[in-house]
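Written out below as structure tokens is the structure these notes cover.
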Protein chains: 2
Amino acid sequence: MTQAEVQQYLNSLAKPPGSLGRLEALAAQLCLVQQTLDPHTTPRRCVLFAADHGVVQAGVSAWPSEVTGLMIRTIVNGKSASAKLADATNTHLRVVDVGSQSEALPPQSNYRFEKVRAGTRNLALEPALTEAEFQQAFTIGQDEANLARVAGCRLVITGEMGIGNTTSASCLTALVTGATVEQVVGRGAGADDATLARKRLVVAAALELHKQLPEAAQIPALCGLEIAAMAGLMHRAAECKLTIVLDGFVATAAALILFRQAPNAMKQIIAAHQSAEPGHALALAHLGLVPILDNWGMRLGEGTGALTMLPLLDAASAILRMATLGDVIPS
Amino acid sequence: MTQAEVQQYLNSLAKPPGSLGRLEALAAQLCLVQQTLDPHTTPRRCVLFAADHGVVQAGVSAWPSEVTGLMIRTIVNGKSASAKLADATNTHLRVVDVGSQSEALPPQSNYRFEKVRAGTRNLALEPALTEAEFQQAFTIGQDEANLARVAGCRLVITGEMGIGNTTSASCLTALVTGATVEQVVGRGAGADDATLARKRLVVAAALELHKQLPEAAQIPALCGLEIAAMAGLMHRAAECKLTIVLDGFVATAAALILFRQAPNAMKQIIAAHQSAEPGHALALAHLGLVPILDNWGMRLGEGTGALTMLPLLDAASAILRMATLGDVIPS
């Protein structure tokens with residue numbers, strides 16, 4: 001399936017060529033990802049990984065770590081933005097606690113408690129994760145991709161909840177893309193000017209501190225457990241040829257990790273949007289991904305950007321099933 | 001319900017303020033249109049009006065008038081882009097033939113044959129419609145809004161199928177906004193350079209020919225039956241306080257007619273997108289409407305732009321039902 005073959009099919013449909021604009025470009029992208037002229041966007045699942053970050057001790061976030069646990073409960077109970085958007089798009093949503101500082105919730109079918117450790121270490125002072133811890137979280141992510149595949153999913157979204165995780169994502173983005181601290185640090189979930197200044201100092205210090213580590217240890221040193229798990233999910237989902245819809249800045253940091261290991265996995269990824277976080281545009285460009293929407297200014301995480309754009313992919317898939325000109329106009 | 005009240009509610013939700021970006025702006029718009037913090041986008045209906053245009057004789061379109069009838073059949077049979085997008089968004093779709101040159105199709109529940117006349121007269125040579133014909137089509141549109149209301153719809157889309165109708169829409173846009181012929185004439189469903197040049201001459205000649213008519217006769221003289229019916233639907237839908245999602249250039253020409261009669265009706269309208277037709281941006285600006293998406297380059301008509309953007313309104317409505325910060329964080 002080549003771009004030219006897809007374009008020829010799109011031009012054969014019962015409409016003026018190109019008249020559905022970017023919806024046609026999206027349809028073509030979906031055909032190429034799924035290597036068929038009849039791509040499907042259902043069944044689908046959104047897996048959110050949650051974890052805490054030791055670096056919150058350094059004053060990089062507008063919110064305390066306790067909020068991670070409170071939001072896990074809100075998501076599991078179906079009351080978060082992500083849960084409401086998942087409902088609106090008929091997407092199965094589940095949460096995996098890979099490393100929050102909170103206690104386990106009562107068992108529920110959309111919730112998994114599989115904690116590697118209760119939050120990362122403070123990356124400003126020491127490696128956030130060991131290589132073994134990173135691998136453990138990565139493997140949980142791979143498991144979740146296998147579960148999605150067994151459930152018949154054709155498409156997956158992965159997202160995150162973790163107070164402090166844009167600091168980790170900023171470090172990873174700078175490490176992998178070579179961008180400067182100023183380019184990759186933003187306000188995350190609402191940092192004020194003083195917090196933003198601290199966040200920049202912390203990211204710069206962490207990059208300096210850990211660059212002496214062996215290469216294999218550098219990413220774990222700057223990573224979050226939920227970010228490692230997202231990378232694992234996307235790694236296995238790409239191997240299984242699932243379509244992956246990429247959320248915002250933190251999810252894209254996970255994709256940067258995956259890109260180092262398995263650049264071909266990017267062929268399975270459709271970027272949903274370009275977030276308001278300044279490092280996101282850089283990270284997407286590094287991965288060669290063009291977002292469906294680039295001016296929506298979303299920055300919540302939790303898969304919300306991907307869930308919001310998902311119906312545009314449904315629409316793209318739907319138009320491929322319309323009549324051809326040959327069906328409509330008798331020759 | 002004021003903008004400030006809506007904003008206060010959005011800021012009370014369990015997320016960093018503004019972190020859902022333009023989805024929050026859209027949620028606010030929906031709240032203001034429906035005058036509630038709990039707006040609904042279902043049940044909903046898309047009513048497509050179809051008609052032919054005598055001006056096609058002047059060589060303004062890439063397609064012959066027969067295509068209108070062929071496309072009516074394709075839509076009714078569920079094989080058009082509009083039908084596939086309606087399916088994908090759980091939107092009831094129906095077609096009303098208010099003036100094609102084709103025979104009636106066999107009766108079907110999603111199809112109404114209520115022809116005012118078999119196509120308009122050639123607006124380049126004589127008035128396309130009399131005032132009485134215009135009013136008859138307008139009333140059919142009002143009926144359809146009543147039917148949608150009786151069916152419990154909270155939201156309606158109206159769209160069109162009619163070979164030659166961008167020529168009529170260009171005339172109406174120039175007449176109502178005062179824009180120049182160059183500003184309002186585009187390639188429609190694929191006019192080549194020669195056709196585009198003819199289309200410009202025809203629009204200029206028609207505007208000149210009919211400007212001597214009494215004001216009440218000018219719009220009918222330049223109008224299409226499907227455009228009059230769309231104006232009638234939006235008129236009555238606005239009176240019933242339904243939410244109206246506005247499609248592209250031709251539907252917006254109908255909104256321009258309505259704007260002259262009932263400018264307050266614009267308060268019920270959310271513009272879905274800005275089409276690739278050059279006159280559309282001007283028309284939206286004249287109406288004070290800001291489209292949800294302005295760079296999707298759609299230009300098919302048939303309600304397809306509105307149907308594509310509809311799930312973004314569903315998402316906007318969904319986030320208003322998420323938890324508040326007060327629900328999540330114990331005080």
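Chains: A, B, ... in order of the structure tokens. Residues: from 1 per chain. Ligands: from 1, in order shown.
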Using only C-alpha atoms, select each residue of chain A with any atom at most 6 Å away from an atom of chain B, and give the selection as a ChimeraX atom specification. /A:16,19-22,79-81,84-85,189,296-300,315,318-319,322-323
So that I have them on file, write out the residues from the current selection with C-alpha atoms, as a PDB file, in the first residue's frame.
ATOM      1  CA  PRO A  16     -14.656  16.381  -6.265  1.00  0.00           C
ATOM      2  CA  SER A  19     -12.939  18.357  -1.524  1.00  0.00           C
ATOM      3  CA  LEU A  20     -12.824  16.804   1.952  1.00  0.00           C
ATOM      4  CA  GLY A  21      -9.569  18.664   2.606  1.00  0.00           C
ATOM      5  CA  ARG A  22      -7.532  17.493   5.569  1.00  0.00           C
ATOM      6  CA  LYS A  79     -15.366  11.578  36.718  1.00  0.00           C
ATOM      7  CA  SER A  80     -12.188  12.900  35.075  1.00  0.00           C
ATOM      8  CA  ALA A  81     -11.965  14.792  31.777  1.00  0.00           C
ATOM      9  CA  LYS A  84     -15.846  11.772  30.091  1.00  0.00           C
ATOM     10  CA  LEU A  85     -14.038  12.005  26.752  1.00  0.00           C
ATOM     11  CA  ALA A 189      -0.070  22.019  34.995  1.00  0.00           C
ATOM     12  CA  TRP A 296      -5.815  23.630  20.223  1.00  0.00           C
ATOM     13  CA  GLY A 297      -3.606  24.589  23.143  1.00  0.00           C
ATOM     14  CA  MET A 298      -4.393  21.486  25.207  1.00  0.00           C
ATOM     15  CA  ARG A 299      -2.044  20.582  28.066  1.00  0.00           C
ATOM     16  CA  LEU A 300      -3.924  18.368  30.506  1.00  0.00           C
ATOM     17  CA  ALA A 315     -14.547  10.440  10.246  1.00  0.00           C
ATOM     18  CA  ALA A 318     -15.838   6.584   7.476  1.00  0.00           C
ATOM     19  CA  ILE A 319     -15.339   8.496   4.233  1.00  0.00           C
ATOM     20  CA  MET A 322     -18.493   5.998   0.603  1.00  0.00           C
ATOM     21  CA  ALA A 323     -19.496   5.253  -2.992  1.00  0.00           C
TER      22      ALA A 323
END
Find the residues near B:Pro278: any atom within 8 Å, counting only C-alpha atoms, skip ones fewer than 3 places away on the same chain, and give them as a ChimeraX atom specification. /B:183-186,275,281-282
Please provide as a PyMOL selection string all residues within 6 Å of stretch 233-249 of chain A, with the sequence filter that same-chain residues fewer than 4 positions apart are discarded (counting only C-alpha atoms). chain A and resi 141-142+145+154-157+265+268-272+275+280+303+305-306
Mind pulling up the distance from atom CA of B:Thr41 to atom CA of B:Gln108? 25.9 Å
With only C-alpha atoms as the counted atoms, please give the residues lying no more than 7 Å from A:His92, apart from itself and same-chain residues fewer than 2 positions off, as a list of chain:residue names.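 The contact residues come out as A:Arg44, A:Arg45, A:Cys46, A:Ala86, A:Asn90, A:Arg94.
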Every residue of stretch 134-325 of chain B that DSSP places in strand (DSSP E), as a ChimeraX atom specification: /B:155-161,243-246,269-271
Could you give me, as a PyMOL selection string, each residue of stretch 167-272 of chain A that DSSP assigns to helix (DSSP H, G or I) when run on this structure's backbone? chain A and resi 167-177+181-184+193-210+215-222+225-239+249-261+263-268
Find the residues around B:Gly288 up to 12 Å (only C-alpha atoms counted), leave out those fewer than 2 positions away in its own chain, and share them as a list in words. Thr177, Thr252, Ala255, Leu256, Phe259, Pro263, Asn264, Ala265, Met266, Lys267, Ile269, Ile270, Ala271, Ala281, Leu282, Ala283, Leu284, Ala285, His286, Val290 and Pro291 of chain B
For N, CA and C atoms, I'd like the residues from the last selection saved as a tab-separated table (two decimals), in the first residue's frame.
chain	number	residue	atom	x	y	z
B	177	THR	N	-22.87	41.04	1.85
B	177	THR	CA	-21.68	41.56	2.55
B	177	THR	C	-21.08	42.77	1.83
B	252	THR	N	-23.70	28.89	4.60
B	252	THR	CA	-23.46	30.21	5.21
B	252	THR	C	-24.14	31.31	4.39
B	255	ALA	N	-27.36	31.48	5.84
B	255	ALA	CA	-27.30	32.22	7.10
B	255	ALA	C	-27.25	33.72	6.86
B	256	LEU	N	-26.62	34.14	5.77
B	256	LEU	CA	-26.58	35.57	5.43
B	256	LEU	C	-27.99	36.10	5.15
B	259	PHE	N	-29.66	36.39	8.43
B	259	PHE	CA	-29.08	37.51	9.19
B	259	PHE	C	-29.79	38.82	8.87
B	263	PRO	N	-31.26	38.99	12.79
B	263	PRO	CA	-29.84	38.90	13.21
B	263	PRO	C	-29.65	38.15	14.53
B	264	ASN	N	-30.66	38.19	15.40
B	264	ASN	CA	-30.54	37.47	16.67
B	264	ASN	C	-30.44	35.96	16.52
B	265	ALA	N	-30.89	35.45	15.38
B	265	ALA	CA	-30.81	34.01	15.14
B	265	ALA	C	-29.36	33.53	15.17
B	266	MET	N	-28.42	34.42	14.89
B	266	MET	CA	-27.00	34.04	14.87
B	266	MET	C	-26.54	33.52	16.24
B	267	LYS	N	-27.24	33.94	17.29
B	267	LYS	CA	-26.87	33.48	18.64
B	267	LYS	C	-27.02	31.97	18.81
B	269	ILE	N	-26.18	29.84	16.45
B	269	ILE	CA	-25.34	29.17	15.44
B	269	ILE	C	-23.90	29.01	15.91
B	270	ILE	N	-23.37	27.80	15.73
B	270	ILE	CA	-21.94	27.54	15.91
B	270	ILE	C	-21.37	27.17	14.53
B	271	ALA	N	-20.39	27.93	14.07
B	271	ALA	CA	-19.81	27.67	12.75
B	271	ALA	C	-18.80	26.53	12.86
B	281	ALA	N	-14.82	32.80	4.39
B	281	ALA	CA	-14.23	33.55	5.51
B	281	ALA	C	-14.90	34.91	5.66
B	282	LEU	N	-15.13	35.57	4.52
B	282	LEU	CA	-15.81	36.87	4.52
B	282	LEU	C	-17.22	36.79	5.08
B	283	ALA	N	-17.93	35.74	4.65
B	283	ALA	CA	-19.32	35.59	5.09
B	283	ALA	C	-19.37	35.32	6.59
B	284	LEU	N	-18.49	34.46	7.08
B	284	LEU	CA	-18.46	34.18	8.52
B	284	LEU	C	-18.14	35.45	9.31
B	285	ALA	N	-17.17	36.21	8.81
B	285	ALA	CA	-16.80	37.45	9.50
B	285	ALA	C	-17.99	38.41	9.54
B	286	HIS	N	-18.73	38.49	8.43
B	286	HIS	CA	-19.90	39.38	8.38
B	286	HIS	C	-20.93	38.98	9.43
B	290	VAL	N	-17.06	32.61	14.47
B	290	VAL	CA	-15.69	32.09	14.42
B	290	VAL	C	-15.78	30.58	14.26
B	291	PRO	N	-15.21	30.03	13.20
B	291	PRO	CA	-15.34	28.58	12.98
B	291	PRO	C	-14.52	27.76	13.97
For B:Ala28, please output as a list of chain:residue names all residues within 9 Å (counting only C-alpha atoms; exclusion window: fewer than 4 positions along the same chain).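 The filter keeps B:Gln3, B:Val6, B:Gln7, B:Leu10, B:Leu23, B:Glu24, B:Leu32, B:Val33, B:Leu37, B:Ala316.
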Rank nothing, just name the residue among A:Val176, A:Leu93, A:Ala4, A:Ala118 nearest to A:Leu225, using only C-alpha atoms.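 Among the listed residues, the smallest separation from A:Leu225 belongs to A:Ala118.
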All residues 6 Å or closer to stretch 122-137 of chain A, only C-alpha atoms, same chain fewer than 4 positions away omitted, as a PDB file with all heavy atoms, in the first residue's frame:
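What landed in part-v4.pdb:
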ATOM      1  N   GLY A  54       9.755  11.973  42.448  1.00  0.00           N
ATOM      2  CA  GLY A  54      10.520  12.504  43.571  1.00  0.00           C
ATOM      3  C   GLY A  54      10.922  13.957  43.389  1.00  0.00           C
ATOM      4  O   GLY A  54      11.063  14.706  44.364  1.00  0.00           O
ATOM      5  N   VAL A  55      11.054  14.380  42.142  1.00  0.00           N
ATOM      6  CA  VAL A  55      11.511  15.749  41.856  1.00  0.00           C
ATOM      7  C   VAL A  55      10.504  16.805  42.315  1.00  0.00           C
ATOM      8  O   VAL A  55      10.845  17.998  42.406  1.00  0.00           O
ATOM      9  CB  VAL A  55      11.856  15.889  40.351  1.00  0.00           C
ATOM     10  CG1 VAL A  55      10.589  15.887  39.497  1.00  0.00           C
ATOM     11  CG2 VAL A  55      12.678  17.145  40.092  1.00  0.00           C
ATOM     12  N   VAL A 202      16.321  22.971  37.667  1.00  0.00           N
ATOM     13  CA  VAL A 202      16.323  21.540  37.984  1.00  0.00           C
ATOM     14  C   VAL A 202      16.617  20.712  36.741  1.00  0.00           C
ATOM     15  O   VAL A 202      17.419  19.763  36.785  1.00  0.00           O
ATOM     16  CB  VAL A 202      14.969  21.140  38.622  1.00  0.00           C
ATOM     17  CG1 VAL A 202      14.753  19.638  38.559  1.00  0.00           C
ATOM     18  CG2 VAL A 202      14.903  21.643  40.067  1.00  0.00           C
ATOM     19  N   ALA A 206      19.847  18.373  36.310  1.00  0.00           N
ATOM     20  CA  ALA A 206      19.666  16.927  36.130  1.00  0.00           C
ATOM     21  C   ALA A 206      20.379  16.440  34.876  1.00  0.00           C
ATOM     22  O   ALA A 206      21.034  15.390  34.878  1.00  0.00           O
ATOM     23  CB  ALA A 206      18.177  16.594  36.070  1.00  0.00           C
ATOM     24  N   ALA A 217      21.856   3.962  31.074  1.00  0.00           N
ATOM     25  CA  ALA A 217      21.322   4.394  32.370  1.00  0.00           C
ATOM     26  C   ALA A 217      20.761   5.812  32.329  1.00  0.00           C
ATOM     27  O   ALA A 217      20.091   6.242  33.277  1.00  0.00           O
ATOM     28  CB  ALA A 217      22.422   4.308  33.433  1.00  0.00           C
ATOM     29  N   PRO A 220      16.675   5.976  32.115  1.00  0.00           N
ATOM     30  CA  PRO A 220      16.076   5.671  33.427  1.00  0.00           C
ATOM     31  C   PRO A 220      16.338   6.760  34.473  1.00  0.00           C
ATOM     32  O   PRO A 220      15.452   7.068  35.280  1.00  0.00           O
ATOM     33  CB  PRO A 220      16.757   4.352  33.818  1.00  0.00           C
ATOM     34  CG  PRO A 220      17.079   3.705  32.507  1.00  0.00           C
ATOM     35  CD  PRO A 220      17.433   4.826  31.582  1.00  0.00           C
ATOM     36  N   ALA A 221      17.503   7.367  34.442  1.00  0.00           N
ATOM     37  CA  ALA A 221      17.850   8.382  35.440  1.00  0.00           C
ATOM     38  C   ALA A 221      16.938   9.598  35.374  1.00  0.00           C
ATOM     39  O   ALA A 221      16.742  10.296  36.377  1.00  0.00           O
ATOM     40  CB  ALA A 221      19.305   8.815  35.256  1.00  0.00           C
ATOM     41  N   LEU A 222      16.374   9.847  34.192  1.00  0.00           N
ATOM     42  CA  LEU A 222      15.549  11.054  33.989  1.00  0.00           C
ATOM     43  C   LEU A 222      14.070  10.722  33.836  1.00  0.00           C
ATOM     44  O   LEU A 222      13.239  11.627  33.684  1.00  0.00           O
ATOM     45  CB  LEU A 222      16.032  11.783  32.727  1.00  0.00           C
ATOM     46  CG  LEU A 222      17.482  12.284  32.752  1.00  0.00           C
ATOM     47  CD1 LEU A 222      17.931  12.703  31.354  1.00  0.00           C
ATOM     48  CD2 LEU A 222      17.649  13.441  33.734  1.00  0.00           C
ATOM     49  N   LEU A 225       8.028   6.422  35.986  1.00  0.00           N
ATOM     50  CA  LEU A 225       7.521   5.064  35.799  1.00  0.00           C
ATOM     51  C   LEU A 225       6.382   5.031  34.779  1.00  0.00           C
ATOM     52  O   LEU A 225       6.274   4.089  33.985  1.00  0.00           O
ATOM     53  CB  LEU A 225       7.059   4.500  37.147  1.00  0.00           C
ATOM     54  CG  LEU A 225       8.217   4.209  38.114  1.00  0.00           C
ATOM     55  CD1 LEU A 225       7.718   4.154  39.557  1.00  0.00           C
ATOM     56  CD2 LEU A 225       8.920   2.908  37.731  1.00  0.00           C
ATOM     57  N   ALA A 228       7.951   5.309  31.291  1.00  0.00           N
ATOM     58  CA  ALA A 228       8.523   4.021  30.877  1.00  0.00           C
ATOM     59  C   ALA A 228       7.419   3.059  30.446  1.00  0.00           C
ATOM     60  O   ALA A 228       7.548   2.345  29.436  1.00  0.00           O
ATOM     61  CB  ALA A 228       9.334   3.425  32.028  1.00  0.00           C
ATOM     62  N   ALA A 229       6.325   3.039  31.197  1.00  0.00           N
ATOM     63  CA  ALA A 229       5.222   2.126  30.863  1.00  0.00           C
ATOM     64  C   ALA A 229       4.569   2.515  29.535  1.00  0.00           C
ATOM     65  O   ALA A 229       4.221   1.643  28.726  1.00  0.00           O
ATOM     66  CB  ALA A 229       4.191   2.125  31.991  1.00  0.00           C
TER      67      ALA A 229
END
What is the distance between atom CA of B:Gly69 and atom CA of B:Ser100, in Å to one decimal?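 These atoms are spaced 6.6 Å apart.
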